[in-house]
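Colleague: Before we start, here is the structure in question, set down as structure tokens.
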Amino acid sequence: MGASQRLRGVGPGTVRLARVTAGVFLVGMAAFAAVPLAEALGAYPALRAAGAVLLIIGLTGCYLWLSVRAVLDRGSRWDLAVLAGMSALAAAVPFVAGPTWLSVGFMLPLAFAVTLRGWGAAAGFFASIAAGVLLSAAQPMSWVLFGSVQNLLTAGALAGLAIFATLLGELQRTREEAAKLAITEERLRFARELHDVLGHNLSVVAMRTELATRIPPEEMARLRRELTEIHDIARRSLHDVRAVVKGYREMSLERELSGVRRVLETAGVRCDFAELPATLTPEVRVALAWAVREAATNLLRHSDATVCLLGVEPCGDRITVTVANDGVRAGGGLSASGAGAADAAEASVGGSGLAGLDERLTQVGGSSGRHIEDGWFTLSLDVPGGPMAAALISATGDRK
């Protein structure tokens, strides 16, 4: 099993084990302070021995403070002050304690490695090793080189343990955040698709119900047909909602265009739809299907349109699809895409149709635009025109 596969199973238990292991090693290594302490107490006069003991205990205390807090990932603003004090203690120890002070020479490099970040940590680590060599220049060179190499390896290994434990904790937190984001994204997807499905179908039901109320009593056959259509739409809505909940719903652009045309023509809107190219990728076709549905929904809700046009204009490896209608209401209200009055209406109920439309197009490398001119409202949808363009956008995240 590779390292990456082992990391996939990292959980709170693994993080705790790594922190406990690193903590045990770091605290256990503090026992090496007994070597210079024993030398100071047994070989030096009382005053010098007392000074050496205070310096070594202070150095060890700072080491334990910084290393344990690093393993627990509980750094504070006092850590830099402790590191500065520890550096001063480490610079004084060689002049008071004997040559065995090198037994604790790993403590300051480790403190720099786990307290600072980036170049500061690396510079402090190697600078403290070099300072230890210089401060021990009066000792036999073989002893100094041996002690310095030992300190280098010991500090590096302990710093690796501490940093590894910290990274495991960060990995665990990142995974928890990724899980929360995935849940949030799924909720947004569900809310968006539920709005798109029910918003359209309920608008159609409301429109056809209103038409049914206007049918004279003597035209019972026509009324029965309208009620049958409304019943079918309600059943389809129930099916669509169940499919959205399961996450398996697939949109068909052709079926959506046919359904939109039928609904609009029933409402008295003349439709003139151009043929869409067959080179569009499935993802782009699904996004366009949702966009056409949203446009038709808002046309029924917010406009007085009598004509709806769908145009297609190729431009290199891009295609611009326009959905236009003549239903701009007097006083500045808008129509099919939901700007103006539609925006206000959706905002008043927390609607997400327009935001969902833009999100769907962005996911396939497209964009949308809306404008009014001479009583016409136009929704422009710019999308990749073929599989190669879509693949390029998917791979790079950029529009070429």
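Each chain in the structure tokens gets a letter, A, B and so on, in the order shown; residues start at 1 in every chain, and ligands are counted from 1 in the order they appear.
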Give me, as an mmCIF file with N, CA and C atoms, in the first residue's frame, all polymer residues having an atom no more than 10 Å from A:Leu264, counting only C-alpha atoms and skipping those fewer than 2 positions away in the same chain.
Modeller:
data_model
loop_
_atom_site.group_PDB
_atom_site.id
_atom_site.type_symbol
_atom_site.label_atom_id
_atom_site.label_comp_id
_atom_site.auth_asym_id
_atom_site.auth_seq_id
_atom_site.Cartn_x
_atom_site.Cartn_y
_atom_site.Cartn_z
ATOM 1 N N VAL A 204 -46.566 26.669 -15.849
ATOM 2 C CA VAL A 204 -47.412 26.114 -16.914
ATOM 3 C C VAL A 204 -48.777 25.716 -16.359
ATOM 4 N N GLY A 259 -41.064 20.895 -25.759
ATOM 5 C CA GLY A 259 -42.014 21.207 -24.700
ATOM 6 C C GLY A 259 -42.238 22.699 -24.545
ATOM 7 N N VAL A 260 -41.164 23.486 -24.640
ATOM 8 C CA VAL A 260 -41.290 24.939 -24.518
ATOM 9 C C VAL A 260 -42.121 25.491 -25.667
ATOM 10 N N ARG A 261 -41.855 25.005 -26.870
ATOM 11 C CA ARG A 261 -42.637 25.482 -28.023
ATOM 12 C C ARG A 261 -44.121 25.191 -27.829
ATOM 13 N N ARG A 262 -44.431 23.977 -27.374
ATOM 14 C CA ARG A 262 -45.827 23.597 -27.196
ATOM 15 C C ARG A 262 -46.494 24.470 -26.138
ATOM 16 N N THR A 266 -49.384 27.317 -26.861
ATOM 17 C CA THR A 266 -50.664 27.199 -26.167
ATOM 18 C C THR A 266 -51.045 28.521 -25.503
ATOM 19 N N ALA A 267 -50.042 29.255 -25.033
ATOM 20 C CA ALA A 267 -50.280 30.548 -24.392
ATOM 21 C C ALA A 267 -50.442 31.672 -25.406
ATOM 22 N N GLY A 268 -50.421 31.350 -26.691
ATOM 23 C CA GLY A 268 -50.608 32.369 -27.717
ATOM 24 C C GLY A 268 -49.331 33.051 -28.154
ATOM 25 N N VAL A 269 -48.154 32.457 -27.861
ATOM 26 C CA VAL A 269 -46.870 33.039 -28.264
ATOM 27 C C VAL A 269 -46.362 32.294 -29.485
ATOM 28 N N ARG A 270 -46.114 33.021 -30.578
ATOM 29 C CA ARG A 270 -45.587 32.396 -31.787
ATOM 30 C C ARG A 270 -44.102 32.124 -31.615
ATOM 31 N N CYS A 271 -43.664 30.909 -31.972
ATOM 32 C CA CYS A 271 -42.272 30.496 -31.759
ATOM 33 C C CYS A 271 -41.577 30.285 -33.099
ATOM 34 N N ALA A 296 -38.255 30.400 -20.825
ATOM 35 C CA ALA A 296 -39.691 30.211 -21.052
ATOM 36 C C ALA A 296 -40.484 30.437 -19.775
ATOM 37 N N THR A 297 -39.951 29.965 -18.656
ATOM 38 C CA THR A 297 -40.642 30.156 -17.379
ATOM 39 C C THR A 297 -40.836 31.626 -17.070
ATOM 40 N N LEU A 299 -40.686 34.124 -19.172
ATOM 41 C CA LEU A 299 -41.555 34.748 -20.184
ATOM 42 C C LEU A 299 -43.013 34.602 -19.766
ATOM 43 N N LEU A 300 -43.397 33.408 -19.325
ATOM 44 C CA LEU A 300 -44.771 33.192 -18.905
ATOM 45 C C LEU A 300 -45.116 34.007 -17.668
ATOM 46 N N ALA A 305 -45.438 38.743 -23.999
ATOM 47 C CA ALA A 305 -44.876 38.432 -25.318
ATOM 48 C C ALA A 305 -45.908 37.788 -26.232
ATOM 49 N N THR A 306 -45.728 38.081 -27.520
ATOM 50 C CA THR A 306 -46.518 37.401 -28.554
ATOM 51 C C THR A 306 -45.621 36.617 -29.505
ATOM 52 N N VAL A 307 -44.306 36.900 -29.454
ATOM 53 C CA VAL A 307 -43.339 36.220 -30.327
ATOM 54 C C VAL A 307 -42.128 35.830 -29.493
ATOM 55 N N CYS A 308 -41.615 34.618 -29.717
ATOM 56 C CA CYS A 308 -40.376 34.166 -29.075
ATOM 57 C C CYS A 308 -39.470 33.599 -30.159
#
Colleague: So which residues touch stretch 230-240 of chain A within 7 Å, counting only C-alpha atoms, skipping near sequence neighbours fewer than 5 positions away, as a compact mmCIF listing (two decimals) with C-alpha atoms, in the first residue's frame?
Modeller:
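Result file selection-v1.txt:
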# COMPACT_ATOMS: atom_id res chain seq x y z
CA VAL A 197 -38.26 21.97 -12.35
CA LEU A 198 -41.11 23.21 -10.18
CA ASN A 201 -44.04 23.30 -14.39
CA VAL A 205 -50.06 24.68 -14.57
CA ARG A 208 -53.28 26.46 -18.30
Colleague: Select from stretch 17-108 of chain A every residue with an atom at most 12 Å from any atom of stretch 123-129 of chain A, then for each give the shortest pair of atoms and their distance in Å to one decimal, using only C-alpha atoms, rows by chain and rising number, as CSV.
Modeller:
residue,atom,partner,partner_atom,distance
A:Leu83,CA,A:Gly124,CA,10.5
A:Ala84,CA,A:Gly124,CA,11.2
A:Met86,CA,A:Ser128,CA,11.3
A:Ser87,CA,A:Ser128,CA,8.5
A:Ala88,CA,A:Ser128,CA,11.4
A:Ala90,CA,A:Ser128,CA,9.0
A:Ala91,CA,A:Ser128,CA,9.4
A:Leu102,CA,A:Ile129,CA,10.4
A:Val104,CA,A:Ile129,CA,11.5
A:Gly105,CA,A:Ile129,CA,7.8
A:Phe106,CA,A:Ile129,CA,7.9
A:Met107,CA,A:Ser128,CA,9.5
A:Leu108,CA,A:Ser128,CA,6.6
Colleague: Kindly export the residues of the current selection with N, CA and C atoms, as an mmCIF file, in the first residue's frame.
Modeller:
data_model
loop_
_atom_site.group_PDB
_atom_site.id
_atom_site.type_symbol
_atom_site.label_atom_id
_atom_site.label_comp_id
_atom_site.auth_asym_id
_atom_site.auth_seq_id
_atom_site.Cartn_x
_atom_site.Cartn_y
_atom_site.Cartn_z
ATOM 1 N N LEU A 83 11.019 32.042 21.867
ATOM 2 C CA LEU A 83 12.120 31.678 20.971
ATOM 3 C C LEU A 83 13.292 32.640 21.123
ATOM 4 N N ALA A 84 12.992 33.924 21.246
ATOM 5 C CA ALA A 84 14.075 34.896 21.440
ATOM 6 C C ALA A 84 14.810 34.648 22.762
ATOM 7 N N MET A 86 14.984 31.824 24.350
ATOM 8 C CA MET A 86 15.700 30.567 24.213
ATOM 9 C C MET A 86 17.015 30.754 23.453
ATOM 10 N N SER A 87 17.002 31.608 22.441
ATOM 11 C CA SER A 87 18.229 31.887 21.691
ATOM 12 C C SER A 87 19.283 32.518 22.603
ATOM 13 N N ALA A 88 18.851 33.433 23.464
ATOM 14 C CA ALA A 88 19.791 34.054 24.401
ATOM 15 C C ALA A 88 20.359 33.024 25.375
ATOM 16 N N ALA A 90 20.647 29.775 24.843
ATOM 17 C CA ALA A 90 21.521 28.865 24.107
ATOM 18 C C ALA A 90 22.878 29.496 23.825
ATOM 19 N N ALA A 91 22.902 30.821 23.633
ATOM 20 C CA ALA A 91 24.182 31.501 23.395
ATOM 21 C C ALA A 91 25.023 31.581 24.656
ATOM 22 N N LEU A 102 26.667 20.219 24.234
ATOM 23 C CA LEU A 102 26.238 19.802 22.899
ATOM 24 C C LEU A 102 25.143 18.732 22.955
ATOM 25 N N VAL A 104 22.432 19.053 24.366
ATOM 26 C CA VAL A 104 21.158 19.758 24.188
ATOM 27 C C VAL A 104 21.233 20.750 23.027
ATOM 28 N N GLY A 105 22.248 20.577 22.199
ATOM 29 C CA GLY A 105 22.402 21.501 21.075
ATOM 30 C C GLY A 105 21.343 21.359 19.999
ATOM 31 N N PHE A 106 20.564 20.282 20.050
ATOM 32 C CA PHE A 106 19.500 20.097 19.050
ATOM 33 C C PHE A 106 18.258 20.920 19.370
ATOM 34 N N MET A 107 18.161 21.425 20.596
ATOM 35 C CA MET A 107 16.915 22.058 21.026
ATOM 36 C C MET A 107 16.615 23.354 20.291
ATOM 37 N N LEU A 108 17.616 24.220 20.142
ATOM 38 C CA LEU A 108 17.363 25.508 19.476
ATOM 39 C C LEU A 108 17.049 25.334 17.993
#
Colleague: From stretch 49-162 of chain A, collect each residue whose DSSP state is helix (DSSP H, G or I) and return the set as number ranges by chain.
Modeller: A: 49-71, 79-96, 99-104, 107-115, 118-135, 141-162
Colleague: Just the selected residues (C-alpha atoms), exported as an mmCIF file, in the first residue's frame, please.
Modeller:
data_model
loop_
_atom_site.group_PDB
_atom_site.id
_atom_site.type_symbol
_atom_site.label_atom_id
_atom_site.label_comp_id
_atom_site.auth_asym_id
_atom_site.auth_seq_id
_atom_site.Cartn_x
_atom_site.Cartn_y
_atom_site.Cartn_z
ATOM 1 C CA ALA A 49 27.152 25.125 38.655
ATOM 2 C CA ALA A 50 24.091 27.099 39.772
ATOM 3 C CA GLY A 51 24.329 29.317 36.690
ATOM 4 C CA ALA A 52 24.700 26.308 34.389
ATOM 5 C CA VAL A 53 21.723 24.562 36.003
ATOM 6 C CA LEU A 54 19.505 27.641 35.604
ATOM 7 C CA LEU A 55 20.517 28.132 31.982
ATOM 8 C CA ILE A 56 20.028 24.482 31.029
ATOM 9 C CA ILE A 57 16.675 24.219 32.823
ATOM 10 C CA GLY A 58 15.511 27.444 31.180
ATOM 11 C CA LEU A 59 16.671 26.215 27.767
ATOM 12 C CA THR A 60 14.903 22.871 28.267
ATOM 13 C CA GLY A 61 11.735 24.577 29.480
ATOM 14 C CA CYS A 62 11.591 26.798 26.385
ATOM 15 C CA TYR A 63 12.230 23.741 24.196
ATOM 16 C CA LEU A 64 9.346 21.826 25.768
ATOM 17 C CA TRP A 65 7.010 24.835 25.536
ATOM 18 C CA LEU A 66 7.632 25.416 21.828
ATOM 19 C CA SER A 67 7.827 21.784 20.706
ATOM 20 C CA VAL A 68 4.738 20.536 22.559
ATOM 21 C CA ARG A 69 2.631 23.503 21.458
ATOM 22 C CA ALA A 70 3.783 22.917 17.880
ATOM 23 C CA VAL A 71 2.673 19.275 18.018
ATOM 24 C CA ASP A 79 6.056 31.838 20.973
ATOM 25 C CA LEU A 80 8.345 34.369 19.289
ATOM 26 C CA ALA A 81 9.235 35.891 22.664
ATOM 27 C CA VAL A 82 9.993 32.428 24.043
ATOM 28 C CA LEU A 83 12.120 31.678 20.971
ATOM 29 C CA ALA A 84 14.075 34.896 21.440
ATOM 30 C CA GLY A 85 14.678 34.095 25.114
ATOM 31 C CA MET A 86 15.700 30.567 24.213
ATOM 32 C CA SER A 87 18.229 31.887 21.691
ATOM 33 C CA ALA A 88 19.791 34.054 24.401
ATOM 34 C CA LEU A 89 19.983 31.093 26.778
ATOM 35 C CA ALA A 90 21.521 28.865 24.107
ATOM 36 C CA ALA A 91 24.182 31.501 23.395
ATOM 37 C CA ALA A 92 25.120 31.691 27.112
ATOM 38 C CA VAL A 93 25.134 27.952 27.915
ATOM 39 C CA PRO A 94 28.488 27.140 26.188
ATOM 40 C CA PHE A 95 30.290 29.711 28.347
ATOM 41 C CA VAL A 96 28.954 28.309 31.646
ATOM 42 C CA PRO A 99 31.554 20.692 26.385
ATOM 43 C CA THR A 100 28.708 18.298 27.106
ATOM 44 C CA TRP A 101 26.280 21.179 26.447
ATOM 45 C CA LEU A 102 26.238 19.802 22.899
ATOM 46 C CA SER A 103 23.908 17.115 24.246
ATOM 47 C CA VAL A 104 21.158 19.758 24.188
ATOM 48 C CA MET A 107 16.915 22.058 21.026
ATOM 49 C CA LEU A 108 17.363 25.508 19.476
ATOM 50 C CA PRO A 109 17.415 24.301 15.815
ATOM 51 C CA LEU A 110 14.266 22.313 16.495
ATOM 52 C CA ALA A 111 12.600 25.349 18.080
ATOM 53 C CA PHE A 112 13.307 27.446 14.990
ATOM 54 C CA ALA A 113 11.995 24.685 12.689
ATOM 55 C CA VAL A 114 8.655 24.277 14.478
ATOM 56 C CA THR A 115 8.032 27.915 15.454
ATOM 57 C CA GLY A 118 9.299 29.075 5.351
ATOM 58 C CA TRP A 119 12.736 30.592 4.851
ATOM 59 C CA GLY A 120 12.793 31.901 8.421
ATOM 60 C CA ALA A 121 12.552 28.373 9.808
ATOM 61 C CA ALA A 122 15.271 27.033 7.512
ATOM 62 C CA ALA A 123 17.601 29.973 8.162
ATOM 63 C CA GLY A 124 17.151 29.739 11.941
ATOM 64 C CA PHE A 125 17.665 25.968 11.871
ATOM 65 C CA PHE A 126 21.004 26.034 10.047
ATOM 66 C CA ALA A 127 22.181 29.263 11.674
ATOM 67 C CA SER A 128 21.754 27.749 15.138
ATOM 68 C CA ILE A 129 23.686 24.637 14.071
ATOM 69 C CA ALA A 130 26.488 26.841 12.727
ATOM 70 C CA ALA A 131 26.458 28.963 15.891
ATOM 71 C CA GLY A 132 26.878 25.828 17.976
ATOM 72 C CA VAL A 133 29.967 24.908 15.970
ATOM 73 C CA LEU A 134 31.474 28.371 16.436
ATOM 74 C CA LEU A 135 30.725 28.512 20.168
ATOM 75 C CA MET A 141 37.328 19.416 16.554
ATOM 76 C CA SER A 142 36.384 15.734 16.351
ATOM 77 C CA TRP A 143 34.030 16.157 19.331
ATOM 78 C CA VAL A 144 32.532 19.349 17.891
ATOM 79 C CA LEU A 145 31.909 17.786 14.475
ATOM 80 C CA PHE A 146 30.406 14.641 15.985
ATOM 81 C CA GLY A 147 28.122 16.617 18.299
ATOM 82 C CA SER A 148 27.067 19.023 15.554
ATOM 83 C CA VAL A 149 26.189 16.265 13.096
ATOM 84 C CA GLN A 150 24.292 14.479 15.839
ATOM 85 C CA ASN A 151 22.363 17.644 16.666
ATOM 86 C CA LEU A 152 21.605 18.249 13.005
ATOM 87 C CA LEU A 153 20.147 14.770 12.521
ATOM 88 C CA THR A 154 18.310 14.753 15.855
ATOM 89 C CA ALA A 155 16.748 18.184 15.337
ATOM 90 C CA GLY A 156 15.789 17.304 11.761
ATOM 91 C CA ALA A 157 14.143 14.026 12.785
ATOM 92 C CA LEU A 158 12.226 15.555 15.686
ATOM 93 C CA ALA A 159 11.125 18.526 13.558
ATOM 94 C CA GLY A 160 9.916 16.070 10.924
ATOM 95 C CA LEU A 161 7.824 14.229 13.527
ATOM 96 C CA ALA A 162 6.302 17.455 14.828
#
Colleague: Given the choices A:Val24, A:Ile215, A:Leu379, A:Ala38, which gets closest to A:Ser367 if the distance is worked out from only C-alpha atoms?
Modeller: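 Nearest candidate to A:Ser367 out of A:Val24, A:Ile215, A:Leu379, A:Ala38: A:Leu379.
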Colleague: Residues of stretch 76-171 of chain A that approach stretch 10-19 of chain A to 6 Å or less, counting only C-alpha atoms: could you list each one with the shortest pair of atoms and its distance in Å to one decimal, rows by chain and increasing residue number, as a Markdown table?
Modeller:
| residue | atom | partner | partner_atom | distance |
| --- | --- | --- | --- | --- |
| A:Ala165 | CA | A:Ala18 | CA | 5.1 |
| A:Leu168 | CA | A:Val15 | CA | 5.8 |
| A:Gly169 | CA | A:Val15 | CA | 5.7 |
Colleague: Taking into account only C-alpha atoms, which residue in the set A:Leu167, A:Leu194, A:Leu188, A:Val383 is nearest to A:Val241?
Modeller: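 Nearest candidate to A:Val241 out of A:Leu167, A:Leu194, A:Leu188, A:Val383: A:Leu194.
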Colleague: Excluding A:Ala287 and residues on its chain fewer than 4 positions from it, collect all residues at most 8 Å away from it, counting only C-alpha atoms, and give them as a PyMOL selection string.
Modeller: chain A and resi 283+291+357+360-361+364
Colleague: Write to file, as a short mmCIF file (atom, residue, chain, number, x, y, z; two decimals), in the first residue's frame, the residues of the selection just made, with C-alpha atoms.
Modeller:
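File produced: selection.cif:
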data_model
loop_
_atom_site.label_atom_id
_atom_site.label_comp_id
_atom_site.auth_asym_id
_atom_site.auth_seq_id
_atom_site.Cartn_x
_atom_site.Cartn_y
_atom_site.Cartn_z
CA GLU A 283 -22.79 19.05 -20.91
CA ALA A 291 -31.43 28.00 -19.90
CA LEU A 357 -28.66 29.65 -15.14
CA ARG A 360 -24.73 26.11 -15.21
CA LEU A 361 -23.26 28.03 -18.12
CA VAL A 364 -19.39 24.37 -19.16
#
Colleague: Between atom CA of A:Asn325 and atom CA of A:Gly311, what is the spacing in Å?
Modeller: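 So the answer is 11.4 Å.
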Colleague: Nearest residue to A:His371 out of A:Ala206, A:Thr322, A:Glu359, A:Met220, using only C-alpha atoms?
Modeller: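 Closest to A:His371 of all the choices is A:Thr322.
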Colleague: Take atom CA of A:Met207 and atom CA of A:Thr378 and report the distance between them in Å, one decimal.
Modeller: 22.6 Å
Colleague: Tell me, as a PyMOL selection string, which residues lie within 8 Å of A:Val292, counting only C-alpha atoms; anything in the same chain fewer than 5 positions away does not count.
Modeller: chain A and resi 256-257+260+323
Colleague: For A:Gly375, work out the shell of residues within 7 Å, counting only C-alpha atoms and skipping chain neighbours fewer than 4 positions away, then give it as a ChimeraX atom specification.
Modeller: /A:326-328
Colleague: Go ahead and write the residues just picked, N, CA and C atoms, as an mmCIF file, in the first residue's frame.
Modeller:
data_model
loop_
_atom_site.group_PDB
_atom_site.id
_atom_site.type_symbol
_atom_site.label_atom_id
_atom_site.label_comp_id
_atom_site.auth_asym_id
_atom_site.auth_seq_id
_atom_site.Cartn_x
_atom_site.Cartn_y
_atom_site.Cartn_z
ATOM 1 N N ASP A 326 -40.858 39.763 -27.579
ATOM 2 C CA ASP A 326 -41.331 41.147 -27.714
ATOM 3 C C ASP A 326 -42.211 41.545 -26.531
ATOM 4 N N GLY A 327 -41.978 40.946 -25.369
ATOM 5 C CA GLY A 327 -42.902 41.140 -24.256
ATOM 6 C C GLY A 327 -42.455 42.114 -23.199
ATOM 7 N N VAL A 328 -41.558 43.056 -23.526
ATOM 8 C CA VAL A 328 -41.161 44.045 -22.525
ATOM 9 C C VAL A 328 -42.369 44.897 -22.169
#
Colleague: Calculated over only C-alpha atoms, which of the candidates A:Phe32, A:Tyr44, A:Trp376, A:Trp78 has the smallest distance to A:Asp304?
Modeller: A:Trp376
Colleague: Would you mind reading off the distance between atom CA of A:Ala295 and atom CA of A:Arg225, one decimal, in Å?
Modeller: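 Computing it gives 26.2 Å between the two atoms.
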